[in-house]
$ cat structure_23.txt   # compact mmCIF, C-alpha atoms
# COMPACT_ATOMS: atom_id res chain seq x y z
CA MET K 1 -87.72 5.88 19.96
CA ARG K 2 -85.63 2.78 19.44
CA THR K 3 -88.74 0.80 18.52
CA LEU K 4 -89.57 3.29 15.80
CA LEU K 5 -86.00 3.32 14.52
CA ALA K 6 -85.88 -0.47 14.45
CA ALA K 7 -88.98 -0.53 12.28
CA ALA K 8 -87.49 2.11 9.97
CA VAL K 9 -84.32 0.14 9.29
CA GLY K 10 -86.10 -3.17 8.74
CA LEU K 11 -85.17 -4.90 11.98
CA THR K 12 -87.71 -7.47 13.10
CA VAL K 13 -86.82 -8.92 16.47
CA GLY K 14 -90.14 -10.25 17.72
CA ALA K 15 -89.22 -13.87 17.07
CA LEU K 16 -85.83 -13.35 18.70
CA THR K 17 -86.70 -11.36 21.78
CA VAL K 18 -88.78 -13.63 23.96
CA GLY K 19 -88.22 -14.02 27.68
CA THR K 20 -85.56 -12.89 30.12
CA GLY K 21 -82.67 -14.14 28.01
CA ALA K 22 -83.58 -11.75 25.23
CA ALA K 23 -83.95 -8.87 27.69
CA TYR K 24 -80.44 -9.64 28.92
CA ALA K 25 -79.19 -9.75 25.33
CA GLN K 26 -80.49 -6.21 24.82
CA LYS K 27 -78.22 -4.96 27.61
CA LYS K 28 -75.03 -6.85 26.88
CA GLU K 29 -72.55 -6.19 24.07
CA VAL K 30 -72.09 -8.48 21.08
CA VAL K 31 -68.45 -9.32 20.34
CA ILE K 32 -67.76 -9.61 16.60
CA ALA K 33 -64.42 -10.72 15.14
CA ALA K 34 -63.51 -9.63 11.60
CA THR K 35 -60.55 -8.43 9.58
CA GLY K 36 -59.50 -4.80 9.81
CA GLY K 37 -58.89 -2.10 7.25
CA THR K 38 -61.56 -1.32 4.68
CA MET K 39 -63.74 -4.25 5.76
CA GLU K 40 -63.85 -3.11 9.36
CA ARG K 41 -64.59 0.50 8.44
CA ALA K 42 -67.45 -0.56 6.16
CA LEU K 43 -68.94 -2.89 8.78
CA VAL K 44 -68.82 -0.18 11.43
CA GLU K 45 -70.45 2.44 9.22
CA HIS K 46 -73.15 0.37 7.57
CA PHE K 47 -73.98 -2.31 10.14
CA TYR K 48 -72.41 -1.98 13.60
CA LYS K 49 -73.44 1.61 14.30
CA PRO K 50 -76.95 1.27 12.80
CA PHE K 51 -77.43 -1.93 14.83
CA GLU K 52 -76.41 -0.17 18.04
CA GLU K 53 -78.75 2.73 17.29
CA ALA K 54 -81.67 0.44 16.43
CA THR K 55 -81.38 -2.01 19.32
CA GLY K 56 -79.27 -0.45 22.06
CA ILE K 57 -76.95 -3.49 21.94
CA PRO K 58 -73.29 -2.35 21.82
CA VAL K 59 -70.94 -4.00 19.32
CA ASN K 60 -67.45 -4.79 20.56
CA LYS K 61 -65.38 -5.21 17.37
CA VAL K 62 -62.25 -7.34 17.50
CA THR K 63 -59.76 -7.02 14.65
CA THR K 64 -58.16 -10.32 13.74
CA GLU K 65 -57.18 -12.55 10.83
CA LEU K 66 -58.72 -16.00 10.32
CA PRO K 67 -55.84 -18.20 11.57
CA SER K 68 -55.48 -16.17 14.78
CA GLN K 69 -59.24 -16.06 15.27
CA TRP K 70 -59.68 -19.83 15.08
CA ALA K 71 -56.63 -20.45 17.26
CA ARG K 72 -58.26 -18.26 19.93
CA VAL K 73 -61.61 -20.04 19.55
CA GLN K 74 -59.95 -23.43 20.00
CA ALA K 75 -57.96 -22.23 23.01
CA ASN K 76 -61.05 -20.69 24.61
CA ALA K 77 -63.03 -23.89 24.06
CA ARG K 78 -60.55 -25.69 26.29
CA THR K 79 -61.05 -23.17 29.09
CA GLY K 80 -64.82 -22.95 28.62
CA ARG K 81 -64.73 -19.14 28.31
CA GLN K 82 -65.32 -18.02 24.74
CA GLN K 83 -64.38 -14.45 23.81
CA TYR K 84 -66.34 -14.02 20.58
CA ASP K 85 -70.02 -14.15 19.73
CA ILE K 86 -69.73 -13.83 15.94
CA VAL K 87 -66.71 -14.73 13.83
CA THR K 88 -65.75 -14.61 10.18
CA ALA K 89 -65.74 -18.03 8.52
CA THR K 90 -65.21 -19.75 5.20
CA PHE K 91 -67.18 -22.75 3.97
CA PRO K 92 -64.45 -25.17 5.11
CA ASP K 93 -64.51 -23.51 8.54
CA LEU K 94 -68.20 -24.37 8.88
CA ILE K 95 -67.22 -28.01 8.49
CA GLN K 96 -63.94 -28.13 10.38
CA HIS K 97 -65.15 -26.07 13.36
CA ARG K 98 -68.76 -27.20 13.45
CA ASP K 99 -68.47 -28.45 17.03
CA GLN K 100 -67.73 -24.86 18.09
CA LEU K 101 -70.70 -23.30 16.25
CA VAL K 102 -74.30 -22.59 17.24
CA PRO K 103 -76.98 -23.80 14.78
CA ILE K 104 -78.85 -20.94 13.09
CA ASP K 105 -82.63 -21.11 12.83
CA CYS K 106 -83.17 -19.13 9.62
CA ASP K 107 -86.95 -19.40 9.95
CA ARG K 108 -86.82 -17.30 13.11
CA MET K 109 -85.09 -14.44 11.28
CA PRO K 110 -87.61 -12.47 9.21
CA ASN K 111 -84.97 -10.54 7.27
CA MET K 112 -83.55 -13.77 5.86
CA LYS K 113 -86.48 -13.72 3.47
CA ARG K 114 -84.58 -10.91 1.71
CA ALA K 115 -81.52 -13.10 1.21
CA SER K 116 -80.30 -15.02 -1.82
CA PRO K 117 -81.24 -18.72 -1.80
CA GLY K 118 -78.80 -20.57 0.42
CA ALA K 119 -77.40 -17.43 2.05
CA CYS K 120 -78.72 -18.44 5.47
CA MET K 121 -77.25 -21.84 6.26
CA PRO K 122 -77.52 -24.17 9.25
CA TYR K 123 -74.25 -22.82 10.70
CA GLY K 124 -73.59 -19.55 8.90
CA VAL K 125 -74.91 -16.50 7.06
CA MET K 126 -73.21 -15.14 3.94
CA ARG K 127 -71.72 -11.72 4.64
CA SER K 128 -69.94 -10.84 1.41
CA ILE K 129 -69.63 -12.57 -1.95
CA GLY K 130 -66.58 -12.41 -4.17
CA ALA K 131 -64.16 -14.57 -6.10
CA MET K 132 -60.47 -15.19 -6.48
CA VAL K 133 -59.75 -13.92 -9.98
CA MET K 134 -56.92 -13.42 -12.44
CA VAL K 135 -55.70 -9.82 -12.77
CA TRP K 136 -53.12 -8.37 -15.11
CA ASN K 137 -51.24 -5.22 -16.06
CA THR K 138 -52.00 -4.44 -19.71
CA ASP K 139 -48.84 -2.35 -20.09
CA MET K 140 -46.59 -5.15 -18.89
CA LEU K 141 -48.34 -7.71 -21.12
CA LYS K 142 -47.95 -5.36 -24.11
CA GLY K 143 -51.52 -5.64 -25.33
CA ARG K 144 -51.96 -9.39 -24.84
CA THR K 145 -55.21 -10.33 -23.10
CA PRO K 146 -55.19 -13.52 -21.00
CA GLU K 147 -58.45 -15.42 -20.72
CA SER K 148 -57.83 -18.30 -18.33
CA TRP K 149 -55.39 -19.78 -15.84
CA LYS K 150 -53.77 -21.61 -18.77
CA ASP K 151 -52.58 -18.21 -19.96
CA PHE K 152 -51.38 -17.31 -16.45
CA TYR K 153 -49.10 -20.35 -16.46
CA ASP K 154 -47.91 -19.64 -20.03
CA VAL K 155 -44.83 -17.55 -19.26
CA GLN K 156 -43.64 -17.66 -22.87
CA GLY K 157 -46.87 -16.35 -24.38
CA PHE K 158 -47.51 -13.95 -21.48
CA PRO K 159 -44.08 -13.09 -20.05
CA GLY K 160 -43.64 -11.24 -16.79
CA PRO K 161 -43.45 -11.80 -13.01
CA ARG K 162 -46.39 -13.45 -11.27
CA GLY K 163 -48.08 -13.01 -7.93
CA LEU K 164 -49.90 -15.71 -5.94
CA PRO K 165 -51.41 -15.78 -2.44
CA ASP K 166 -49.98 -17.31 0.71
CA THR K 167 -52.59 -16.12 3.19
CA GLY K 168 -52.45 -19.08 5.56
CA ASP K 169 -56.10 -20.04 5.32
CA ARG K 170 -57.09 -21.41 1.88
CA GLU K 171 -54.42 -23.74 0.55
CA TYR K 172 -56.70 -25.06 -2.21
CA TRP K 173 -56.78 -21.80 -4.19
CA VAL K 174 -53.44 -22.14 -5.95
CA PRO K 175 -53.62 -25.91 -6.66
CA VAL K 176 -57.04 -25.30 -8.26
CA THR K 177 -55.50 -22.79 -10.68
CA ALA K 178 -52.75 -25.27 -11.52
CA LEU K 179 -55.23 -27.99 -12.41
CA LEU K 180 -57.32 -25.60 -14.50
CA ALA K 181 -54.15 -24.51 -16.30
CA ASP K 182 -53.33 -28.18 -16.89
CA GLY K 183 -56.65 -28.76 -18.64
CA VAL K 184 -58.95 -30.08 -15.90
CA GLU K 185 -62.57 -28.96 -16.38
CA LYS K 186 -63.92 -26.79 -13.56
CA ASP K 187 -66.69 -29.26 -12.69
CA LYS K 188 -64.20 -32.16 -12.47
CA LEU K 189 -61.61 -30.61 -10.16
CA PHE K 190 -62.57 -32.44 -6.96
CA PRO K 191 -61.20 -34.44 -5.35
CA LEU K 192 -58.05 -32.47 -6.17
CA ASP K 193 -55.23 -34.42 -7.80
CA LEU K 194 -52.51 -32.80 -5.71
CA ASP K 195 -49.65 -34.65 -7.38
CA ARG K 196 -50.73 -33.31 -10.77
CA ALA K 197 -51.35 -29.84 -9.34
CA TYR K 198 -47.91 -29.57 -7.76
CA ARG K 199 -46.17 -30.80 -10.89
CA LYS K 200 -47.77 -27.85 -12.66
CA LEU K 201 -46.90 -25.52 -9.81
CA ASP K 202 -43.26 -26.52 -10.09
CA GLN K 203 -43.31 -24.93 -13.54
CA ILE K 204 -44.66 -21.55 -12.40
CA LYS K 205 -42.81 -21.28 -9.06
CA PRO K 206 -39.61 -19.72 -10.50
CA HIS K 207 -41.71 -16.96 -12.05
CA VAL K 208 -43.60 -16.00 -8.87
CA ALA K 209 -42.09 -12.72 -7.71
CA VAL K 210 -44.47 -12.14 -4.80
CA TRP K 211 -46.38 -14.42 -2.46
CA TRP K 212 -48.86 -11.89 -1.18
CA LYS K 213 -50.37 -12.06 2.30
CA SER K 214 -53.41 -9.77 2.28
CA GLY K 215 -55.74 -7.66 0.16
CA ASP K 216 -53.68 -4.56 0.87
CA HIS K 217 -50.57 -6.44 -0.20
CA VAL K 218 -52.02 -7.50 -3.55
CA GLN K 219 -53.08 -3.92 -4.26
CA GLN K 220 -49.56 -2.77 -3.41
CA ILE K 221 -47.89 -5.09 -5.90
CA LEU K 222 -50.31 -4.07 -8.63
CA ARG K 223 -49.62 -0.38 -7.98
CA SER K 224 -45.86 -0.86 -7.89
CA GLY K 225 -45.71 -2.95 -11.06
CA GLU K 226 -43.97 -5.79 -9.23
CA VAL K 227 -46.11 -8.31 -11.12
CA ALA K 228 -47.56 -8.55 -14.60
CA MET K 229 -50.25 -11.00 -13.48
CA THR K 230 -51.59 -12.14 -10.14
CA MET K 231 -54.45 -13.87 -8.42
CA SER K 232 -56.49 -11.36 -6.43
CA TYR K 233 -59.64 -10.94 -4.43
CA SER K 234 -62.24 -9.65 -6.89
CA GLY K 235 -63.02 -6.69 -4.64
CA ARG K 236 -59.39 -5.57 -4.58
CA ALA K 237 -59.15 -6.10 -8.33
CA LEU K 238 -62.16 -3.85 -8.89
CA ILE K 239 -60.59 -1.14 -6.74
CA MET K 240 -57.42 -1.31 -8.79
CA SER K 241 -59.22 -1.40 -12.14
CA ARG K 242 -61.03 1.81 -11.21
CA GLU K 243 -57.84 3.41 -9.92
CA ARG K 244 -55.65 2.35 -12.86
CA PRO K 245 -57.03 1.67 -16.35
CA ASN K 246 -54.07 -0.61 -17.11
CA VAL K 247 -55.30 -3.13 -14.49
CA GLN K 248 -57.87 -5.58 -15.82
CA MET K 249 -59.49 -8.75 -14.50
CA THR K 250 -61.74 -11.65 -15.49
CA PHE K 251 -64.27 -13.71 -13.54
CA ASN K 252 -63.68 -16.61 -15.93
CA GLN K 253 -62.48 -19.57 -13.81
CA GLY K 254 -62.63 -17.40 -10.74
CA ILE K 255 -62.82 -19.38 -7.50
CA ARG K 256 -65.93 -18.58 -5.50
CA ASP K 257 -64.96 -16.90 -2.23
CA VAL K 258 -67.64 -16.10 0.32
CA GLY K 259 -67.22 -14.40 3.68
CA ILE K 260 -69.58 -15.88 6.27
CA TRP K 261 -70.80 -14.90 9.71
CA ALA K 262 -70.89 -17.76 12.23
CA VAL K 263 -71.92 -17.80 15.89
CA ILE K 264 -69.57 -19.34 18.45
CA LYS K 265 -70.98 -21.78 20.99
CA GLY K 266 -70.67 -20.48 24.52
CA GLY K 267 -70.11 -16.85 23.48
CA PRO K 268 -71.00 -14.05 25.89
CA ASN K 269 -74.23 -13.00 24.10
CA THR K 270 -75.55 -15.67 21.72
CA GLU K 271 -79.07 -14.25 21.56
CA GLY K 272 -77.74 -10.79 20.79
CA ALA K 273 -75.60 -12.38 18.06
CA MET K 274 -78.68 -13.90 16.42
CA THR K 275 -80.43 -10.53 16.61
CA PHE K 276 -77.46 -8.97 14.81
CA LEU K 277 -77.52 -11.57 12.02
CA ASP K 278 -81.18 -10.86 11.32
CA PHE K 279 -80.51 -7.12 11.35
CA PHE K 280 -77.53 -7.55 9.04
CA MET K 281 -79.56 -9.14 6.25
CA GLY K 282 -82.14 -6.32 6.22
CA GLY K 283 -81.84 -2.86 4.72
CA PRO K 284 -80.85 -3.19 1.03
CA GLU K 285 -79.64 0.43 0.90
CA ARG K 286 -77.04 -0.40 3.57
CA HIS K 287 -75.95 -3.40 1.53
CA VAL K 288 -75.54 -1.26 -1.59
CA LYS K 289 -73.30 1.17 0.27
CA PHE K 290 -71.35 -1.64 1.91
CA ALA K 291 -70.85 -3.41 -1.44
CA ASP K 292 -69.82 -0.17 -3.15
CA GLN K 293 -67.28 0.60 -0.45
CA LEU K 294 -65.71 -2.86 -0.71
CA ASN K 295 -66.29 -3.43 -4.43
CA THR K 296 -67.92 -6.71 -3.56
CA ALA K 297 -71.41 -8.22 -3.53
CA THR K 298 -73.73 -9.23 -0.73
CA ALA K 299 -76.48 -11.80 -0.36
CA ASN K 300 -79.29 -9.24 -0.11
CA LEU K 301 -81.24 -9.69 -3.35
CA ASP K 302 -82.89 -6.28 -3.15
CA ALA K 303 -79.45 -4.65 -3.04
CA LEU K 304 -78.33 -6.21 -6.33
CA ASP K 305 -81.53 -4.99 -7.96
CA LEU K 306 -80.79 -1.41 -6.87
CA LEU K 307 -77.52 -1.28 -8.88
CA PRO K 308 -77.29 -0.13 -12.52
CA GLU K 309 -76.83 -3.04 -14.92
CA ALA K 310 -73.26 -2.01 -15.80
CA GLU K 311 -72.30 -2.07 -12.14
CA ARG K 312 -74.12 -5.35 -11.49
CA ARG K 313 -71.87 -6.92 -14.12
CA ARG K 314 -68.84 -5.96 -12.08
CA ARG K 315 -70.03 -8.03 -9.12
CA ALA K 316 -69.23 -11.67 -8.49
CA ASN K 317 -72.88 -12.62 -8.05
CA HIS K 318 -74.09 -11.28 -11.40
CA PRO K 319 -75.57 -14.35 -13.14
CA ASP K 320 -73.00 -14.31 -15.97
CA ASN K 321 -70.05 -14.06 -13.57
CA TRP K 322 -71.56 -16.55 -11.13
CA ALA K 323 -71.90 -19.19 -13.85
CA ARG K 324 -68.24 -18.98 -14.91
CA GLN K 325 -66.80 -19.52 -11.44
CA VAL K 326 -65.42 -22.64 -9.83
CA VAL K 327 -67.59 -23.91 -6.97
CA PRO K 328 -65.19 -25.73 -4.61
CA ASP K 329 -66.19 -28.99 -2.96
CA PHE K 330 -66.11 -27.68 0.59
CA GLU K 331 -66.91 -31.02 2.17
CA TRP K 332 -63.78 -32.47 0.57
CA ILE K 333 -61.74 -29.40 1.47
CA GLY K 334 -62.94 -29.51 5.06
CA ALA K 335 -62.04 -33.18 5.36
CA ASN K 336 -58.57 -32.63 3.85
CA ARG K 337 -57.47 -29.27 5.27
CA GLU K 338 -54.51 -30.67 7.16
CA LYS K 339 -53.26 -32.54 4.10
CA LEU K 340 -53.71 -29.44 1.95
CA ARG K 341 -51.86 -27.30 4.46
CA GLU K 342 -48.98 -29.71 4.96
CA ARG K 343 -48.49 -30.18 1.21
CA TRP K 344 -48.57 -26.43 0.59
CA VAL K 345 -46.07 -25.54 3.32
CA ALA K 346 -43.69 -28.34 2.33
CA TRP K 347 -43.76 -27.24 -1.31
CA LEU K 348 -43.49 -23.52 -0.65
CA THR K 349 -40.56 -23.80 1.78
CA ARG K 350 -38.45 -26.36 -0.03

$ encode --input "structure_23.txt" --output "structure tokens"
Amino acid sequence: MRTLLAAAVGLTVGALTVGTGAAYAQKKEVVIAATGGTMERALVEHFYKPFEEATGIPVNKVTTELPSQWARVQANARTGRQQYDIVTATFPDLIQHRDQLVPIDCDRMPNMKRASPGACMPYGVMRSIGAMVMVWNTDMLKGRTPESWKDFYDVQGFPGPRGLPDTGDREYWVPVTALLADGVEKDKLFPLDLDRAYRKLDQIKPHVAVWWKSGDHVQQILRSGEVAMTMSYSGRALIMSRERPNVQMTFNQGIRDVGIWAVIKGGPNTEGAMTFLDFFMGGPERHVKFADQLNTATANLDALDLLPEAERRRRANHPDNWARQVVPDFEWIGANREKLRERWVAWLTR
């Protein structure tokens, strides 16, 4: 029965289930760490449960945020007993934590043929695709329509309180907006001129009413009218724009933000983790439902093709939106994360 169901949902495990190790993987749970809330509910409904039904491999979900997750991975590496099989990662994480990650053989995963070019990488698989975008309240801006981060920093032309993120994991986001506002072209941002960025940030800091911490938090401040403009995850911005017509957003100068699955070296069920990654990339209908629930995009090309054109244009990976986004230099970010973090904390707390 499970063999038939696996075929029906597009799971191909022949290349991954060879020998006694694979048989063991089929019996033992896969431990997956991800954020909670809407993301967790969508993953359970569209991927974890179908995976369990198709393979018989239980998924043990662990709810955590990125800083806590990586702190646990580092601590477990010292003891030699890793807790997680699959974790959520960013591009800089794939560089900074590479010594803790298992290489991924994309050629052994048949469903990766369904993925966007580059979605399966040597140390990660793209899970969700979005952007950090500018969002505004049309009522509070009294009909003015901002077009770029230059307008966000223009508190005379676009008066009102601002919101910016302090999530503890991507300290390059806000300096990038400052440099764009100061006239730097998006393809000339890196290496970041942090002195120039923080001079610009000094100008906007008195007008920042909220330093938001999470996706739920940014939705809250948009609902409450605490800010006239804010940076937001594109998925949360889409939710709010559907909920409230006075909330609008633009992908222009959005900062590409991709959620990635990565496999931890020494995890309890590495082979089962690889089986899950292959399963995850299959089934475009699941990806459509997942993307709709989160107002995001995924790397499954067939899923994007299943959406109406109007809805495709609301996703970060639509060609027009994709072309207008900033592509960060993740090698530079990965090599400078400590400097970025120290500069950000010192500036924010002074």

$ atom_distance --input "structure_23.txt" --atom1 "atom CA of Lys188 of chain K" --atom2 "atom CA of His97 of chain K"
26.6 Å

$ residues_around --input "structure_23.txt" --residues "Arg127 of chain K" --least-positions-apart "6" --cutoff "9 Å" --atoms "only C-alpha atoms" --output "VMD selection string"
chain K and resid 88 119 258 to 261 280 to 281 297 to 299

$ residues_around --input "structure_23.txt" --residues "Thr250 of chain K" --least-positions-apart "6" --cutoff "10 Å" --atoms "all atoms listed in the file" --output "MDAnalysis selection string"
chainID K and resid 132:136 146:148 234 237 314 321 324

$ residues_around --input "structure_23.txt" --residues "Gln293 of chain K" --least-positions-apart "2" --cutoff "9 Å" --atoms "all atoms listed in the file" --output "PyMOL selection string"
chain K and resi 38-39+42+288-291+295-296

$ closest_residue --input "structure_23.txt" --among "K:Asn111, K:Gln96, K:Gln82, K:Thr90" --to "Met274 of chain K" --atoms "only C-alpha atoms"
K:Asn111

$ closest_residue --input "structure_23.txt" --among "K:Met109, K:Leu66, K:Leu192, K:Lys49" --to "Phe330 of chain K" --atoms "all atoms listed in the file"
K:Leu192

$ closest_residue --input "structure_23.txt" --among "K:Tyr172, K:Phe91, K:Trp149, K:Trp70" --to "Asn336 of chain K" --atoms "only C-alpha atoms"
K:Tyr172

$ atom_distance --input "structure_23.txt" --atom1 "atom CA of Ile333 of chain K" --atom2 "atom CA of Pro92 of chain K"
6.2 Å

$ atom_distance --input "structure_23.txt" --atom1 "atom CA of Asp154 of chain K" --atom2 "atom CA of Tyr233 of chain K"
21.4 Å

$ closest_residue --input "structure_23.txt" --among "K:Ile239, K:Ala89, K:Val44, K:Ala34" --to "Val62 of chain K" --atoms "all atoms listed in the file"
K:Ala34

$ closest_residue --input "structure_23.txt" --among "K:Phe51, K:Phe158, K:Trp322, K:Trp344" --to "Leu201 of chain K" --atoms "all atoms listed in the file"
K:Trp344

$ closest_residue --input "structure_23.txt" --among "K:Arg114, K:His46, K:Arg341, K:Arg41" --to "Leu194 of chain K" --atoms "all atoms listed in the file"
K:Arg341

$ residues_around --input "structure_23.txt" --residues "segment 163-165 of chain K" --least-positions-apart "3" --cutoff "7 Å" --atoms "all atoms listed in the file" --output "VMD selection string"
chain K and resid 208 to 213 227 229 to 231

$ residues_around --input "structure_23.txt" --residues "Leu94 of chain K" --least-positions-apart "5" --cutoff "8 Å" --atoms "only C-alpha atoms" --output "ChimeraX atom specification"
/K:89,101,123-124,262

$ axis_aligned_box --input "structure_23.txt" --around "segment 165-172 of chain K" --padding-each-side "8 Å" --output "JSON"
{"center_x": -53.5, "center_y": -20.4, "center_z": 1.6, "size_x": 23.1, "size_y": 25.3, "size_z": 24.0}
